[in-house]
>>> print(open('input.tsv').read())   # TSV, N, CA and C atoms and all ligand atoms
chain	number	residue	atom	x	y	z
A	1	MET	N	6.22	-9.37	-32.44
A	1	MET	CA	6.73	-10.71	-32.11
A	1	MET	C	6.62	-10.94	-30.60
A	2	SER	N	6.14	-12.09	-30.21
A	2	SER	CA	5.95	-12.32	-28.78
A	2	SER	C	7.22	-12.88	-28.14
A	3	ARG	N	7.57	-12.33	-27.02
A	3	ARG	CA	8.77	-12.79	-26.32
A	3	ARG	C	8.41	-13.20	-24.89
A	4	PRO	N	8.39	-14.50	-24.64
A	4	PRO	CA	7.99	-14.99	-23.32
A	4	PRO	C	8.84	-14.40	-22.20
A	5	ARG	N	10.10	-14.16	-22.48
A	5	ARG	CA	11.00	-13.63	-21.45
A	5	ARG	C	10.54	-12.25	-20.99
A	6	ALA	N	10.10	-11.44	-21.94
A	6	ALA	CA	9.64	-10.11	-21.59
A	6	ALA	C	8.39	-10.19	-20.70
A	7	ASP	N	7.54	-11.18	-21.00
A	7	ASP	CA	6.35	-11.35	-20.18
A	7	ASP	C	6.72	-11.68	-18.74
A	8	LEU	N	7.71	-12.57	-18.60
A	8	LEU	CA	8.15	-12.94	-17.27
A	8	LEU	C	8.71	-11.73	-16.53
A	9	GLU	N	9.51	-10.97	-17.25
A	9	GLU	CA	10.09	-9.78	-16.63
A	9	GLU	C	9.00	-8.82	-16.17
A	10	ARG	N	8.00	-8.70	-17.00
A	10	ARG	CA	6.92	-7.80	-16.65
A	10	ARG	C	6.18	-8.31	-15.40
A	11	GLN	N	6.02	-9.63	-15.35
A	11	GLN	CA	5.35	-10.21	-14.18
A	11	GLN	C	6.15	-9.95	-12.91
A	12	LEU	N	7.46	-10.16	-13.01
A	12	LEU	CA	8.31	-9.95	-11.85
A	12	LEU	C	8.28	-8.49	-11.42
A	13	LEU	N	8.29	-7.62	-12.41
A	13	LEU	CA	8.25	-6.20	-12.11
A	13	LEU	C	6.97	-5.85	-11.39
A	14	ARG	N	5.87	-6.40	-11.89
A	14	ARG	CA	4.59	-6.11	-11.27
A	14	ARG	C	4.58	-6.61	-9.83
A	15	LYS	N	5.17	-7.80	-9.63
A	15	LYS	CA	5.21	-8.38	-8.30
A	15	LYS	C	6.01	-7.50	-7.35
A	16	SER	N	7.17	-7.04	-7.82
A	16	SER	CA	8.01	-6.24	-6.94
A	16	SER	C	7.39	-4.87	-6.69
A	17	LEU	N	6.67	-4.37	-7.65
A	17	LEU	CA	5.98	-3.11	-7.45
A	17	LEU	C	4.91	-3.26	-6.39
A	18	GLY	N	4.25	-4.41	-6.42
A	18	GLY	CA	3.23	-4.68	-5.42
A	18	GLY	C	3.82	-4.72	-4.03
A	19	ALA	N	4.99	-5.36	-3.91
A	19	ALA	CA	5.66	-5.44	-2.62
A	19	ALA	C	6.07	-4.06	-2.15
A	20	LEU	N	6.53	-3.27	-3.09
A	20	LEU	CA	6.94	-1.91	-2.78
A	20	LEU	C	5.77	-1.11	-2.22
A	21	THR	N	4.63	-1.27	-2.86
A	21	THR	CA	3.46	-0.53	-2.44
A	21	THR	C	3.04	-0.95	-1.04
A	22	ARG	N	3.09	-2.26	-0.80
A	22	ARG	CA	2.72	-2.74	0.52
A	22	ARG	C	3.63	-2.18	1.60
A	23	ASP	N	4.94	-2.18	1.31
A	23	ASP	CA	5.89	-1.69	2.29
A	23	ASP	C	5.70	-0.21	2.55
A	24	ARG	N	5.37	0.50	1.49
A	24	ARG	CA	5.23	1.93	1.62
A	24	ARG	C	4.06	2.28	2.53
A	25	HIS	N	3.06	1.41	2.56
A	25	HIS	CA	1.87	1.73	3.34
A	25	HIS	C	1.87	1.07	4.71
A	26	ARG	N	2.98	0.40	5.04
A	26	ARG	CA	3.01	-0.22	6.35
A	26	ARG	C	3.53	0.77	7.37
A	27	CYS	N	2.86	0.82	8.49
A	27	CYS	CA	3.28	1.73	9.56
A	27	CYS	C	4.64	1.30	10.08
A	28	SER	N	5.59	2.23	10.13
A	28	SER	CA	6.93	1.88	10.59
A	28	SER	C	7.00	1.83	12.11
A	29	ASP	N	5.93	2.20	12.78
A	29	ASP	CA	5.90	2.12	14.24
A	29	ASP	C	5.33	0.79	14.71
A	30	CYS	N	4.12	0.48	14.29
A	30	CYS	CA	3.46	-0.71	14.80
A	30	CYS	C	3.47	-1.85	13.78
A	31	GLY	N	3.91	-1.56	12.54
A	31	GLY	CA	4.01	-2.60	11.53
A	31	GLY	C	2.67	-2.98	10.92
A	32	ARG	N	1.63	-2.29	11.30
A	32	ARG	CA	0.30	-2.58	10.80
A	32	ARG	C	0.15	-2.04	9.39
A	33	THR	N	-0.61	-2.72	8.56
A	33	THR	CA	-0.96	-2.18	7.25
A	33	THR	C	-2.29	-1.46	7.39
A	34	PRO	N	-2.29	-0.16	7.20
A	34	PRO	CA	-3.52	0.61	7.38
A	34	PRO	C	-4.63	0.15	6.44
A	35	LEU	N	-5.85	0.28	6.90
A	35	LEU	CA	-6.99	-0.13	6.10
A	35	LEU	C	-7.27	0.90	5.02
A	36	ALA	N	-7.99	0.47	4.02
A	36	ALA	CA	-8.39	1.38	2.96
A	36	ALA	C	-9.23	2.51	3.55
A	37	GLY	N	-8.91	3.71	3.17
A	37	GLY	CA	-9.64	4.85	3.67
A	37	GLY	C	-9.00	5.48	4.89
A	38	GLU	N	-8.04	4.76	5.47
A	38	GLU	CA	-7.34	5.29	6.64
A	38	GLU	C	-6.25	6.26	6.20
A	39	ARG	N	-5.96	7.23	7.05
A	39	ARG	CA	-4.92	8.20	6.74
A	39	ARG	C	-3.56	7.67	7.20
A	40	ILE	N	-2.56	7.87	6.35
A	40	ILE	CA	-1.19	7.57	6.75
A	40	ILE	C	-0.35	8.82	6.56
A	41	HIS	N	0.65	8.94	7.40
A	41	HIS	CA	1.46	10.15	7.41
A	41	HIS	C	2.91	9.84	7.06
A	42	HIS	N	3.42	10.51	6.06
A	42	HIS	CA	4.82	10.34	5.65
A	42	HIS	C	5.64	11.47	6.27
A	43	TYR	N	6.74	11.08	6.91
A	43	TYR	CA	7.64	12.09	7.44
A	43	TYR	C	8.87	12.21	6.57
A	44	GLU	N	9.54	13.36	6.69
A	44	GLU	CA	10.68	13.61	5.82
A	44	GLU	C	11.82	12.65	6.05
A	45	HIS	N	11.97	12.14	7.28
A	45	HIS	CA	13.07	11.21	7.54
A	45	HIS	C	12.73	9.79	7.10
A	46	GLY	N	11.60	9.62	6.42
A	46	GLY	CA	11.32	8.33	5.81
A	46	GLY	C	10.31	7.49	6.56
A	47	ALA	N	9.93	7.92	7.74
A	47	ALA	CA	8.97	7.14	8.52
A	47	ALA	C	7.58	7.28	7.94
A	48	VAL	N	6.85	6.18	7.96
A	48	VAL	CA	5.45	6.19	7.55
A	48	VAL	C	4.65	5.68	8.74
A	49	VAL	N	3.78	6.50	9.27
A	49	VAL	CA	3.04	6.07	10.45
A	49	VAL	C	1.54	6.15	10.21
A	50	CYS	N	0.83	5.25	10.86
A	50	CYS	CA	-0.62	5.23	10.72
A	50	CYS	C	-1.25	6.29	11.62
A	51	ALA	N	-2.54	6.42	11.51
A	51	ALA	CA	-3.24	7.45	12.26
A	51	ALA	C	-3.12	7.24	13.77
A	52	LEU	N	-3.03	5.97	14.17
A	52	LEU	CA	-2.95	5.68	15.60
A	52	LEU	C	-1.61	6.07	16.19
A	53	CYS	N	-0.55	5.95	15.39
A	53	CYS	CA	0.80	6.24	15.87
A	53	CYS	C	1.19	7.69	15.64
A	54	ARG	N	0.42	8.37	14.87
A	54	ARG	CA	0.70	9.76	14.52
A	54	ARG	C	0.96	10.64	15.74
A	55	PRO	N	0.17	10.54	16.82
A	55	PRO	CA	0.39	11.39	18.00
A	55	PRO	C	1.75	11.19	18.65
A	56	HIS	N	2.39	10.03	18.43
A	56	HIS	CA	3.69	9.76	19.04
A	56	HIS	C	4.81	10.48	18.31
A	57	HIS	N	4.52	11.01	17.14
A	57	HIS	CA	5.54	11.70	16.37
A	57	HIS	C	5.33	13.20	16.47
A	58	GLY	N	6.39	13.89	16.85
A	58	GLY	CA	6.29	15.33	16.92
A	58	GLY	C	6.40	15.94	15.53
A	59	GLY	N	5.91	17.12	15.39
A	59	GLY	CA	6.07	17.82	14.12
A	59	GLY	C	5.04	17.42	13.09
A	60	GLU	N	5.04	18.19	12.01
A	60	GLU	CA	4.09	17.95	10.94
A	60	GLU	C	4.63	16.92	9.95
A	61	PRO	N	3.81	16.00	9.51
A	61	PRO	CA	4.24	15.08	8.46
A	61	PRO	C	4.46	15.82	7.15
A	62	ALA	N	5.39	15.29	6.34
A	62	ALA	CA	5.66	15.91	5.04
A	62	ALA	C	4.47	15.72	4.11
A	63	GLU	N	3.77	14.61	4.32
A	63	GLU	CA	2.67	14.29	3.43
A	63	GLU	C	1.66	13.40	4.16
A	64	THR	N	0.41	13.66	3.94
A	64	THR	CA	-0.63	12.81	4.52
A	64	THR	C	-1.45	12.23	3.38
A	65	LEU	N	-1.57	10.91	3.37
A	65	LEU	CA	-2.26	10.25	2.28
A	65	LEU	C	-3.41	9.41	2.81
A	66	THR	N	-4.39	9.22	1.98
A	66	THR	CA	-5.46	8.30	2.31
A	66	THR	C	-5.21	6.99	1.56
A	67	VAL	N	-5.22	5.90	2.28
A	67	VAL	CA	-4.95	4.60	1.67
A	67	VAL	C	-6.08	4.25	0.71
A	68	LEU	N	-5.69	3.90	-0.50
A	68	LEU	CA	-6.68	3.57	-1.51
A	68	LEU	C	-7.04	2.09	-1.47
A	69	HIS	N	-8.06	1.76	-2.19
A	69	HIS	CA	-8.56	0.39	-2.20
A	69	HIS	C	-7.81	-0.51	-3.17
A	70	CYS	N	-6.54	-0.20	-3.43
A	70	CYS	CA	-5.84	-0.89	-4.50
A	70	CYS	C	-5.68	-2.39	-4.24
A	71	GLU	N	-5.45	-2.77	-2.99
A	71	GLU	CA	-5.17	-4.18	-2.72
A	71	GLU	C	-6.34	-4.90	-2.10
A	72	HIS	N	-7.16	-4.16	-1.38
A	72	HIS	CA	-8.23	-4.82	-0.63
A	72	HIS	C	-9.60	-4.55	-1.24
A	73	GLY	N	-9.58	-3.90	-2.39
A	73	GLY	CA	-10.85	-3.50	-2.98
A	73	GLY	C	-11.72	-4.65	-3.41
A	74	HIS	N	-11.10	-5.80	-3.65
A	74	HIS	CA	-11.87	-6.92	-4.17
A	74	HIS	C	-12.22	-7.94	-3.10
A	75	THR	N	-11.88	-7.61	-1.87
A	75	THR	CA	-12.14	-8.58	-0.81
A	75	THR	C	-13.58	-8.54	-0.35
A	76	VAL	N	-14.21	-7.39	-0.54
A	76	VAL	CA	-15.62	-7.28	-0.17
A	76	VAL	C	-16.46	-7.59	-1.39
A	77	ARG	N	-17.16	-8.66	-1.30
A	77	ARG	CA	-17.92	-9.11	-2.45
A	77	ARG	C	-19.31	-9.52	-2.00
A	78	ARG	N	-20.26	-9.08	-2.74
A	78	ARG	CA	-21.62	-9.44	-2.37
A	78	ARG	C	-21.91	-10.85	-2.86
A	79	LEU	N	-22.39	-11.68	-1.96
A	79	LEU	CA	-22.69	-13.05	-2.33
A	79	LEU	C	-24.15	-13.14	-2.78
A	80	ARG	N	-24.31	-13.88	-3.85
A	80	ARG	CA	-25.67	-14.04	-4.35
A	80	ARG	C	-26.42	-15.06	-3.50
A	81	ALA	N	-27.64	-14.76	-3.18
A	81	ALA	CA	-28.43	-15.71	-2.40
A	81	ALA	C	-28.72	-16.96	-3.24
A	82	ALA	N	-28.61	-18.10	-2.61
A	82	ALA	CA	-28.79	-19.37	-3.34
A	82	ALA	C	-30.24	-19.60	-3.71
A	101	ZN	ZN	1.00	2.50	13.58
>>> encode(input="input.tsv", output="structure tokens", more="lines below")
Ligand SMILES: [Zn+2]
Amino acid sequence: MSRPRADLERQLLRKSLGALTRDRHRCSDCGRTPLAGERIHHYEHGAVVCALCRPHHGGEPAETLTVLHCEHGHTVRRLRAA
């Protein structure tokens, strides 16, 4: 049985998950969103810094991740010649 309310909830959930992902990948130092393929460093105290800000933080990051093409993967599109 189809329930429109459940669909809406799912949409909202997806939206908030997207926001969460964006926030997680934003550098907490410069506020920049790292580009796809760029390394980001997670520290244990919750800071997420981009590769450029990494030298300003002492110590080893708890985790180093490569930003995936999840949000910007479709922005590069080959245009067909007219
Ligand atoms: Zn930064």
>>> closest_residue(input="input.tsv", among="A:Leu35, A:Cys30, A:Ala47, A:Cys53", to="Thr66 in chain A", atoms="only N, CA and C atoms")
A:Leu35
>>> residues_near_ligand(input="input.tsv", ligand="ligand ZN 101 (chain A)", cutoff="6 Å", atoms="only N, CA and C atoms and all ligand atoms", output="VMD selection string")
chain A and resid 27 to 32 49 to 53
>>> residues_around(input="input.tsv", residues="Thr64 in chain A", least_positions_apart="5", cutoff="6 Å", atoms="all atoms listed in the file", output="ChimeraX atom specification")
/A:40-42
>>> atom_distance(input="input.tsv", atom1="CA of Gly37 in chain A", atom2="CA of Glu60 in chain A")
20.3 Å
>>> atom_distance(input="input.tsv", atom1="CA of Arg39 in chain A", atom2="CA of Gly59 in chain A")
16.4 Å
>>> atom_distance(input="input.tsv", atom1="CA of Leu65 in chain A", atom2="CA of Ser16 in chain A")
21.5 Å
>>> closest_residue(input="input.tsv", among="A:Val48, A:Leu8, A:Arg80, A:His56", to="Arg26 in chain A", atoms="all atoms listed in the file")
A:Val48
>>> closest_residue(input="input.tsv", among="A:Pro55, A:Ala62, A:His25, A:Pro4", to="Glu38 in chain A", atoms="only C-alpha atoms")
A:His25
>>> decode(input="input.tsv", residues="range 43-61 of chain A", atoms="N, CA, C and O atoms", output="short mmCIF file (atom, residue, chain, number, x, y, z; two decimals), in the first residue's frame")
data_model
loop_
_atom_site.label_atom_id
_atom_site.label_comp_id
_atom_site.auth_asym_id
_atom_site.auth_seq_id
_atom_site.Cartn_x
_atom_site.Cartn_y
_atom_site.Cartn_z
N TYR A 43 40.09 14.82 13.04
CA TYR A 43 40.79 14.71 14.32
C TYR A 43 39.85 14.19 15.39
O TYR A 43 38.63 14.33 15.28
N GLU A 44 40.45 13.64 16.44
CA GLU A 44 39.63 13.02 17.48
C GLU A 44 38.73 14.01 18.19
O GLU A 44 37.66 13.67 18.65
N HIS A 45 39.15 15.27 18.30
CA HIS A 45 38.32 16.25 18.99
C HIS A 45 37.21 16.79 18.09
O HIS A 45 36.51 17.73 18.46
N GLY A 46 37.05 16.20 16.90
CA GLY A 46 35.90 16.55 16.08
C GLY A 46 36.20 17.49 14.93
O GLY A 46 35.35 17.73 14.10
N ALA A 47 37.40 18.02 14.89
CA ALA A 47 37.74 18.94 13.81
C ALA A 47 37.95 18.19 12.51
O ALA A 47 38.47 17.08 12.50
N VAL A 48 37.50 18.80 11.43
CA VAL A 48 37.74 18.26 10.10
C VAL A 48 38.48 19.34 9.32
O VAL A 48 37.96 20.43 9.15
N VAL A 49 39.68 19.06 8.90
CA VAL A 49 40.44 20.08 8.20
C VAL A 49 40.87 19.61 6.83
O VAL A 49 41.09 18.43 6.59
N CYS A 50 40.96 20.56 5.91
CA CYS A 50 41.38 20.23 4.56
C CYS A 50 42.90 20.10 4.49
O CYS A 50 43.60 20.40 5.46
N ALA A 51 43.38 19.72 3.35
CA ALA A 51 44.81 19.50 3.18
C ALA A 51 45.61 20.77 3.40
O ALA A 51 46.74 20.73 3.90
N LEU A 52 45.01 21.91 3.06
CA LEU A 52 45.73 23.17 3.19
C LEU A 52 45.89 23.58 4.65
O LEU A 52 46.87 24.21 5.02
N CYS A 53 44.90 23.24 5.47
CA CYS A 53 44.92 23.63 6.88
C CYS A 53 45.59 22.58 7.76
O CYS A 53 45.85 22.83 8.93
N ARG A 54 45.82 21.44 7.21
CA ARG A 54 46.40 20.33 7.95
C ARG A 54 47.70 20.71 8.67
O ARG A 54 47.88 20.37 9.84
N PRO A 55 48.62 21.44 8.04
CA PRO A 55 49.88 21.80 8.71
C PRO A 55 49.69 22.64 9.96
O PRO A 55 50.57 22.68 10.82
N HIS A 56 48.54 23.33 10.08
CA HIS A 56 48.30 24.18 11.25
C HIS A 56 47.89 23.36 12.47
O HIS A 56 47.80 23.88 13.57
N HIS A 57 47.58 22.10 12.25
CA HIS A 57 47.16 21.24 13.35
C HIS A 57 48.30 20.31 13.74
O HIS A 57 48.84 19.61 12.89
N GLY A 58 48.62 20.32 15.01
CA GLY A 58 49.65 19.42 15.47
C GLY A 58 49.10 18.01 15.63
O GLY A 58 47.90 17.83 15.76
N GLY A 59 49.96 17.06 15.61
CA GLY A 59 49.54 15.69 15.86
C GLY A 59 48.96 15.01 14.64
O GLY A 59 48.73 15.63 13.60
N GLU A 60 48.76 13.71 14.80
CA GLU A 60 48.24 12.92 13.69
C GLU A 60 46.72 12.94 13.69
O GLU A 60 46.09 12.83 14.74
N PRO A 61 46.11 13.07 12.52
CA PRO A 61 44.65 12.96 12.45
C PRO A 61 44.20 11.54 12.76
O PRO A 61 44.94 10.58 12.53
#
